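Text of my_file-v5.txt, listed as compact mmCIF, N, CA and C atoms:
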# COMPACT_ATOMS: atom_id res chain seq x y z
N MET A 537 31.98 5.46 73.56
CA MET A 537 32.26 6.81 74.00
C MET A 537 33.66 7.22 73.52
N GLN A 538 33.76 8.39 72.91
CA GLN A 538 35.03 8.86 72.38
C GLN A 538 35.85 9.53 73.47
N THR A 539 37.16 9.37 73.38
CA THR A 539 38.04 10.07 74.29
C THR A 539 38.23 11.49 73.79
N ASP A 540 38.83 12.33 74.63
CA ASP A 540 39.09 13.72 74.22
C ASP A 540 40.01 13.78 73.01
N LEU A 541 40.98 12.88 72.95
CA LEU A 541 41.91 12.85 71.82
C LEU A 541 41.18 12.49 70.54
N GLU A 542 40.33 11.47 70.58
CA GLU A 542 39.58 11.06 69.38
C GLU A 542 38.65 12.15 68.91
N SER A 543 37.96 12.82 69.83
CA SER A 543 37.03 13.88 69.44
C SER A 543 37.80 15.09 68.92
N GLY A 544 39.00 15.32 69.42
CA GLY A 544 39.82 16.43 68.94
C GLY A 544 40.41 16.16 67.56
N LEU A 545 40.67 14.89 67.25
CA LEU A 545 41.23 14.53 65.95
C LEU A 545 40.17 14.44 64.85
N GLN A 546 38.92 14.26 65.23
CA GLN A 546 37.87 14.06 64.23
C GLN A 546 37.76 15.21 63.23
N PRO A 547 37.79 16.49 63.65
CA PRO A 547 37.72 17.56 62.65
C PRO A 547 38.90 17.53 61.67
N LEU A 548 40.07 17.20 62.18
CA LEU A 548 41.24 17.09 61.31
C LEU A 548 41.08 15.95 60.31
N LEU A 549 40.62 14.82 60.78
CA LEU A 549 40.40 13.67 59.89
C LEU A 549 39.33 13.98 58.85
N ASP A 550 38.29 14.70 59.25
CA ASP A 550 37.25 15.10 58.30
C ASP A 550 37.81 16.02 57.22
N ARG A 551 38.64 16.97 57.62
CA ARG A 551 39.26 17.89 56.65
C ARG A 551 40.17 17.14 55.70
N LEU A 552 40.96 16.22 56.23
CA LEU A 552 41.85 15.43 55.38
C LEU A 552 41.05 14.57 54.40
N SER A 553 39.95 14.03 54.86
CA SER A 553 39.10 13.21 53.99
C SER A 553 38.50 14.05 52.86
N ARG A 554 38.04 15.25 53.18
CA ARG A 554 37.51 16.15 52.15
C ARG A 554 38.60 16.55 51.16
N TRP A 555 39.81 16.83 51.69
CA TRP A 555 40.93 17.22 50.82
C TRP A 555 41.28 16.08 49.87
N ALA A 556 41.33 14.86 50.40
CA ALA A 556 41.64 13.70 49.56
C ALA A 556 40.57 13.48 48.50
N GLY A 557 39.31 13.68 48.85
CA GLY A 557 38.23 13.55 47.88
C GLY A 557 38.33 14.59 46.79
N GLU A 558 38.68 15.82 47.15
CA GLU A 558 38.84 16.88 46.16
C GLU A 558 40.04 16.61 45.26
N LEU A 559 41.11 16.09 45.84
CA LEU A 559 42.29 15.74 45.05
C LEU A 559 41.94 14.67 44.02
N LYS A 560 41.19 13.68 44.44
CA LYS A 560 40.76 12.62 43.54
C LYS A 560 39.89 13.19 42.42
N ALA A 561 38.97 14.09 42.77
CA ALA A 561 38.11 14.70 41.76
C ALA A 561 38.93 15.54 40.77
N GLN A 562 39.94 16.23 41.26
CA GLN A 562 40.78 17.03 40.36
C GLN A 562 41.59 16.14 39.43
N LEU A 563 42.07 15.01 39.93
CA LEU A 563 42.81 14.08 39.07
C LEU A 563 41.91 13.52 37.98
N PHE A 564 40.69 13.15 38.33
CA PHE A 564 39.77 12.67 37.31
C PHE A 564 39.40 13.79 36.33
N THR A 565 39.30 15.01 36.83
CA THR A 565 39.04 16.14 35.93
C THR A 565 40.17 16.27 34.92
N LEU A 566 41.41 16.17 35.38
CA LEU A 566 42.55 16.22 34.45
C LEU A 566 42.52 15.04 33.48
N TRP A 567 42.07 13.89 33.96
CA TRP A 567 41.97 12.70 33.11
C TRP A 567 41.07 13.00 31.91
N PHE A 568 39.97 13.67 32.15
CA PHE A 568 39.06 14.01 31.06
C PHE A 568 39.53 15.23 30.27
N CYS A 569 40.20 16.18 30.93
CA CYS A 569 40.71 17.36 30.23
C CYS A 569 41.75 16.98 29.17
N ARG A 570 42.56 15.99 29.45
CA ARG A 570 43.64 15.64 28.53
C ARG A 570 43.12 15.12 27.19
N SER A 571 41.87 14.66 27.14
CA SER A 571 41.32 14.17 25.88
C SER A 571 40.32 15.13 25.25
N HIS A 572 40.11 16.28 25.87
CA HIS A 572 39.17 17.28 25.33
C HIS A 572 39.83 17.99 24.15
N PRO A 573 39.11 18.19 23.04
CA PRO A 573 39.72 18.81 21.86
C PRO A 573 40.14 20.27 22.05
N ASP A 574 39.56 20.98 23.01
CA ASP A 574 39.93 22.39 23.23
C ASP A 574 41.09 22.58 24.20
N THR A 575 41.61 21.50 24.73
CA THR A 575 42.75 21.59 25.64
C THR A 575 44.03 21.82 24.82
N PRO A 576 44.83 22.86 25.16
CA PRO A 576 46.08 23.10 24.45
C PRO A 576 47.05 21.93 24.61
N VAL A 577 47.95 21.78 23.65
CA VAL A 577 48.87 20.64 23.63
C VAL A 577 49.74 20.60 24.89
N LEU A 578 50.29 21.73 25.30
CA LEU A 578 51.13 21.75 26.51
C LEU A 578 50.32 21.30 27.73
N ALA A 579 49.09 21.76 27.83
CA ALA A 579 48.24 21.36 28.96
C ALA A 579 47.93 19.87 28.91
N LYS A 580 47.74 19.32 27.70
CA LYS A 580 47.50 17.88 27.57
C LYS A 580 48.70 17.09 28.06
N ILE A 581 49.89 17.56 27.70
CA ILE A 581 51.12 16.86 28.11
C ILE A 581 51.27 16.89 29.63
N VAL A 582 51.11 18.09 30.21
CA VAL A 582 51.25 18.23 31.66
C VAL A 582 50.18 17.40 32.37
N ALA A 583 48.94 17.48 31.90
CA ALA A 583 47.85 16.71 32.53
C ALA A 583 48.12 15.21 32.42
N ALA A 584 48.58 14.77 31.26
CA ALA A 584 48.86 13.34 31.07
C ALA A 584 49.97 12.88 32.01
N LEU A 585 51.01 13.68 32.18
CA LEU A 585 52.11 13.32 33.08
C LEU A 585 51.64 13.26 34.53
N VAL A 586 50.87 14.25 34.95
CA VAL A 586 50.38 14.28 36.33
C VAL A 586 49.47 13.09 36.61
N VAL A 587 48.52 12.86 35.70
CA VAL A 587 47.57 11.75 35.88
C VAL A 587 48.30 10.41 35.83
N ALA A 588 49.24 10.27 34.90
CA ALA A 588 49.99 9.02 34.79
C ALA A 588 50.75 8.74 36.08
N TYR A 589 51.39 9.76 36.62
CA TYR A 589 52.14 9.57 37.85
C TYR A 589 51.22 9.28 39.03
N ALA A 590 50.13 10.03 39.13
CA ALA A 590 49.22 9.85 40.27
C ALA A 590 48.51 8.51 40.24
N PHE A 591 48.15 8.03 39.06
CA PHE A 591 47.42 6.77 38.94
C PHE A 591 48.35 5.56 38.79
N SER A 592 49.65 5.80 38.75
CA SER A 592 50.59 4.70 38.65
C SER A 592 50.57 3.89 39.96
N PRO A 593 50.57 2.58 39.85
CA PRO A 593 50.57 1.79 41.09
C PRO A 593 51.92 1.80 41.81
N ILE A 594 52.95 2.39 41.19
CA ILE A 594 54.28 2.44 41.78
C ILE A 594 54.72 3.90 41.88
N ASP A 595 55.21 4.31 43.05
CA ASP A 595 55.71 5.68 43.24
C ASP A 595 57.16 5.77 42.83
N LEU A 596 57.55 6.95 42.35
CA LEU A 596 58.95 7.20 42.04
C LEU A 596 59.78 7.15 43.32
N ILE A 597 59.23 7.74 44.38
CA ILE A 597 59.87 7.67 45.70
C ILE A 597 58.96 6.79 46.56
N PRO A 598 59.39 5.59 46.92
CA PRO A 598 58.53 4.67 47.68
C PRO A 598 58.08 5.27 49.01
N ASP A 599 56.85 4.98 49.40
CA ASP A 599 56.27 5.55 50.62
C ASP A 599 56.95 5.07 51.89
N PHE A 600 57.66 3.95 51.84
CA PHE A 600 58.30 3.45 53.06
C PHE A 600 59.53 4.26 53.45
N ILE A 601 60.02 5.14 52.57
CA ILE A 601 61.14 6.02 52.92
C ILE A 601 60.57 7.14 53.79
N PRO A 602 61.05 7.30 55.02
CA PRO A 602 60.46 8.28 55.94
C PRO A 602 60.44 9.69 55.35
N VAL A 603 59.37 10.38 55.53
CA VAL A 603 59.11 11.76 55.14
C VAL A 603 59.16 11.96 53.62
N ILE A 604 60.28 11.67 53.00
CA ILE A 604 60.45 11.91 51.56
C ILE A 604 59.48 11.05 50.75
N GLY A 605 59.17 9.87 51.23
CA GLY A 605 58.29 8.97 50.50
C GLY A 605 56.89 9.51 50.31
N TYR A 606 56.45 10.37 51.23
CA TYR A 606 55.11 10.95 51.11
C TYR A 606 55.14 12.33 50.47
N LEU A 607 56.32 12.92 50.28
CA LEU A 607 56.40 14.25 49.67
C LEU A 607 55.83 14.26 48.26
N ASP A 608 56.06 13.20 47.50
CA ASP A 608 55.52 13.18 46.14
C ASP A 608 54.00 13.21 46.17
N ASP A 609 53.40 12.51 47.12
CA ASP A 609 51.94 12.49 47.21
C ASP A 609 51.39 13.81 47.75
N LEU A 610 52.11 14.44 48.65
CA LEU A 610 51.61 15.64 49.31
C LEU A 610 52.02 16.95 48.64
N VAL A 611 53.08 16.93 47.83
CA VAL A 611 53.57 18.16 47.22
C VAL A 611 53.57 18.07 45.70
N VAL A 612 54.21 17.06 45.15
CA VAL A 612 54.40 16.98 43.70
C VAL A 612 53.08 16.84 42.95
N VAL A 613 52.22 15.94 43.40
CA VAL A 613 50.95 15.72 42.71
C VAL A 613 50.05 16.97 42.78
N PRO A 614 49.83 17.57 43.98
CA PRO A 614 49.02 18.80 44.00
C PRO A 614 49.63 19.94 43.19
N ALA A 615 50.96 20.07 43.20
CA ALA A 615 51.59 21.12 42.40
C ALA A 615 51.39 20.87 40.90
N GLY A 616 51.48 19.61 40.50
CA GLY A 616 51.23 19.27 39.10
C GLY A 616 49.79 19.53 38.70
N ILE A 617 48.85 19.21 39.59
CA ILE A 617 47.44 19.49 39.32
C ILE A 617 47.23 20.99 39.16
N TYR A 618 47.81 21.77 40.06
CA TYR A 618 47.68 23.23 40.00
C TYR A 618 48.20 23.77 38.67
N LEU A 619 49.39 23.33 38.29
CA LEU A 619 49.98 23.79 37.04
C LEU A 619 49.13 23.41 35.84
N ALA A 620 48.68 22.17 35.80
CA ALA A 620 47.88 21.70 34.66
C ALA A 620 46.57 22.47 34.57
N LEU A 621 45.90 22.68 35.69
CA LEU A 621 44.63 23.39 35.66
C LEU A 621 44.79 24.85 35.25
N ARG A 622 45.94 25.43 35.53
CA ARG A 622 46.20 26.82 35.10
C ARG A 622 46.35 26.92 33.58
N LEU A 623 46.73 25.83 32.94
CA LEU A 623 46.97 25.83 31.50
C LEU A 623 45.71 25.48 30.69
N ILE A 624 44.66 25.04 31.35
CA ILE A 624 43.46 24.54 30.66
C ILE A 624 42.36 25.61 30.70
N PRO A 625 41.69 25.84 29.56
CA PRO A 625 40.59 26.81 29.54
C PRO A 625 39.47 26.42 30.51
N GLU A 626 38.80 27.43 31.06
CA GLU A 626 37.77 27.23 32.09
C GLU A 626 36.63 26.34 31.60
N HIS A 627 36.17 26.54 30.36
CA HIS A 627 35.03 25.73 29.89
C HIS A 627 35.39 24.25 29.77
N VAL A 628 36.66 23.96 29.51
CA VAL A 628 37.11 22.57 29.45
C VAL A 628 37.12 21.97 30.86
N ILE A 629 37.56 22.75 31.83
CA ILE A 629 37.59 22.28 33.22
C ILE A 629 36.19 22.00 33.72
N VAL A 630 35.25 22.89 33.40
CA VAL A 630 33.86 22.71 33.86
C VAL A 630 33.26 21.44 33.25
N ALA A 631 33.43 21.26 31.95
CA ALA A 631 32.88 20.07 31.28
C ALA A 631 33.54 18.79 31.81
N SER A 632 34.85 18.85 32.00
CA SER A 632 35.58 17.68 32.48
C SER A 632 35.25 17.36 33.94
N ARG A 633 35.01 18.38 34.74
CA ARG A 633 34.65 18.16 36.15
C ARG A 633 33.31 17.45 36.25
N GLN A 634 32.37 17.82 35.36
CA GLN A 634 31.08 17.13 35.35
C GLN A 634 31.25 15.65 35.03
N LYS A 635 32.10 15.36 34.05
CA LYS A 635 32.38 13.96 33.70
C LYS A 635 33.07 13.24 34.87
N ALA A 636 33.99 13.94 35.52
CA ALA A 636 34.72 13.35 36.64
C ALA A 636 33.78 13.03 37.80
N ASP A 637 32.88 13.96 38.10
CA ASP A 637 31.93 13.71 39.19
C ASP A 637 31.04 12.51 38.88
N LEU A 638 30.64 12.39 37.63
CA LEU A 638 29.82 11.25 37.21
C LEU A 638 30.61 9.95 37.32
N TRP A 639 31.87 9.97 36.88
CA TRP A 639 32.75 8.79 36.96
C TRP A 639 32.89 8.33 38.41
N ILE A 640 33.16 9.28 39.29
CA ILE A 640 33.35 8.95 40.71
C ILE A 640 32.07 8.37 41.30
N ALA A 641 30.93 8.97 40.93
CA ALA A 641 29.65 8.50 41.46
C ALA A 641 29.32 7.09 40.98
N GLU A 642 29.71 6.76 39.75
CA GLU A 642 29.36 5.47 39.18
C GLU A 642 30.36 4.36 39.48
N ARG A 643 31.63 4.65 39.39
CA ARG A 643 32.63 3.56 39.42
C ARG A 643 33.36 3.42 40.74
N LYS A 644 33.60 4.49 41.43
CA LYS A 644 34.26 4.47 42.74
C LYS A 644 35.68 3.91 42.73
N ASN A 645 36.33 3.80 41.59
CA ASN A 645 37.73 3.38 41.58
C ASN A 645 38.48 4.14 40.49
N LYS A 646 39.77 4.09 40.55
CA LYS A 646 40.58 4.85 39.60
C LYS A 646 41.20 3.94 38.55
N PRO A 647 41.44 4.50 37.37
CA PRO A 647 42.14 3.71 36.36
C PRO A 647 43.59 3.50 36.77
N ARG A 648 44.18 2.44 36.34
CA ARG A 648 45.60 2.17 36.60
C ARG A 648 46.39 2.54 35.37
N ASN A 649 47.60 3.02 35.58
CA ASN A 649 48.45 3.38 34.47
C ASN A 649 49.71 2.53 34.55
N TYR A 650 49.68 1.42 33.86
CA TYR A 650 50.81 0.49 33.91
C TYR A 650 51.98 0.97 33.06
N PHE A 651 51.72 1.83 32.08
CA PHE A 651 52.82 2.43 31.31
C PHE A 651 53.68 3.30 32.22
N ALA A 652 53.03 4.14 33.02
CA ALA A 652 53.78 4.99 33.96
C ALA A 652 54.52 4.13 34.98
N ALA A 653 53.88 3.06 35.44
CA ALA A 653 54.55 2.16 36.38
C ALA A 653 55.79 1.54 35.74
N SER A 654 55.68 1.19 34.47
CA SER A 654 56.84 0.62 33.74
C SER A 654 57.97 1.63 33.64
N LEU A 655 57.62 2.89 33.36
CA LEU A 655 58.65 3.93 33.29
C LEU A 655 59.34 4.12 34.64
N ILE A 656 58.56 4.13 35.70
CA ILE A 656 59.14 4.30 37.03
C ILE A 656 60.05 3.12 37.36
N LEU A 657 59.63 1.90 37.02
CA LEU A 657 60.50 0.74 37.23
C LEU A 657 61.77 0.84 36.41
N ALA A 658 61.67 1.36 35.19
CA ALA A 658 62.86 1.54 34.35
C ALA A 658 63.82 2.55 34.97
N VAL A 659 63.28 3.63 35.54
CA VAL A 659 64.14 4.62 36.22
C VAL A 659 64.85 3.97 37.39
N TRP A 660 64.12 3.21 38.20
CA TRP A 660 64.74 2.53 39.35
C TRP A 660 65.78 1.51 38.89
N ALA A 661 65.50 0.78 37.82
CA ALA A 661 66.47 -0.19 37.31
C ALA A 661 67.72 0.51 36.81
N ALA A 662 67.55 1.64 36.12
CA ALA A 662 68.71 2.40 35.62
C ALA A 662 69.53 2.94 36.78
N LEU A 663 68.87 3.44 37.82
CA LEU A 663 69.59 3.93 39.00
C LEU A 663 70.32 2.80 39.71
N ALA A 664 69.69 1.64 39.81
CA ALA A 664 70.34 0.49 40.44
C ALA A 664 71.56 0.05 39.64
N TYR A 665 71.43 0.01 38.32
CA TYR A 665 72.55 -0.37 37.46
C TYR A 665 73.69 0.64 37.61
N TRP A 666 73.35 1.93 37.58
CA TRP A 666 74.37 2.97 37.73
C TRP A 666 75.07 2.84 39.09
N GLY A 667 74.27 2.64 40.14
CA GLY A 667 74.85 2.49 41.48
C GLY A 667 75.75 1.26 41.56
N TRP A 668 75.32 0.18 40.96
CA TRP A 668 76.11 -1.06 40.97
C TRP A 668 77.45 -0.84 40.25
N THR A 669 77.41 -0.25 39.06
CA THR A 669 78.66 -0.04 38.31
C THR A 669 79.54 1.01 38.97
N TYR A 670 78.94 2.02 39.57
CA TYR A 670 79.72 3.08 40.20
C TYR A 670 80.43 2.58 41.46
N PHE A 671 79.73 1.84 42.27
CA PHE A 671 80.31 1.39 43.54
C PHE A 671 81.09 0.09 43.41
N ALA A 672 80.97 -0.60 42.30
CA ALA A 672 81.70 -1.85 42.10
C ALA A 672 83.16 -1.60 41.68
N ARG A 673 83.49 -0.38 41.39
CA ARG A 673 84.88 -0.06 40.95
C ARG A 673 85.87 -0.22 42.04
Once more with this new file: its structure as structure tokens, please.
Amino acid sequence: MQTDLESGLQPLLDRLSRWAGELKAQLFTLWFCRSHPDTPVLAKIVAALVVAYAFSPIDLIPDFIPVIGYLDDLVVVPAGIYLALRLIPEHVIVASRQKADLWIAERKNKPRNYFAASLILAVWAALAYWGWTYFAR
């Protein structure tokens, strides 16, 4: 038997689950858009950056940092998706969405981008080095 709190939270959890599923589908759509021949070069670059960041196993801002750690997941990634989709022709989005839906239905997991993870680690290492040399004076 559910409590009043659990039954009150269920619609919110359902909405969040649908939103997360749509976000995943949009990321996979961008994954396929970036390799479509009709996608403009700027859109390919933006899509590649957004997908690389979203599929990277390492966040630029770690999630354990209160509030700010989740901002990249809740604001930066959706804003990047929005921008990239605005730059891509509609017929490319439709074709890529069909591929994305098929990918999700068949594989149920996301590709990993270890190149993006390496870049993020390099940024953190550079910041650590800068902080060390700056504060060691």
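Note that atom CA of A:Ala641 and atom CA of A:Ile581 are 26.6 Å apart.
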Exercise. Could you state the separation of atom CA of A:Tyr670 and atom CA of A:Gly605 in Å, given to one decimal place?
Worked result: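 Between atom CA of A:Tyr670 and atom CA of A:Gly605 the gap works out to 24.5 Å.
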For this session: May I have the protein, DNA and RNA residues with an atom at most 12 Å from (48.0, 17.6, 46.9), counting only C-alpha atoms in the file's coordinates, returned as a PyMOL selection string?
Result: chain A and resi 552+554-563+586+590+606-619
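Taking atom CA of A:Ile629 and atom CA of A:Asp574 as endpoints, the distance between them is 10.3 Å.
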Exercise. So which residues of chain A fall under alpha helix (DSSP H) by DSSP, listed as a PyMOL selection string?
Worked result: chain A and resi 540-569+577-591+604-607+613-623+626-643+650-671
Report the closest atom pair, with its distance in Å rounded to one decimal, for each residue of stretch 542-591 of chain A that has an atom no farther than 6.5 Å from stretch 632-637 of chain A; count all atoms listed in the file, sort by chain and then rising residue number, and write it as a tab-separated table.
residue	atom	partner	partner_atom	distance
A:Ala561	CA	A:Ala636	C	6.1
A:Phe564	C	A:Ala636	CA	4.7
A:Thr565	CA	A:Ser632	C	4.5
A:Leu566	N	A:Ser632	C	6.4
A:Phe568	C	A:Ser632	CA	5.1
A:Cys569	N	A:Ser632	CA	5.1
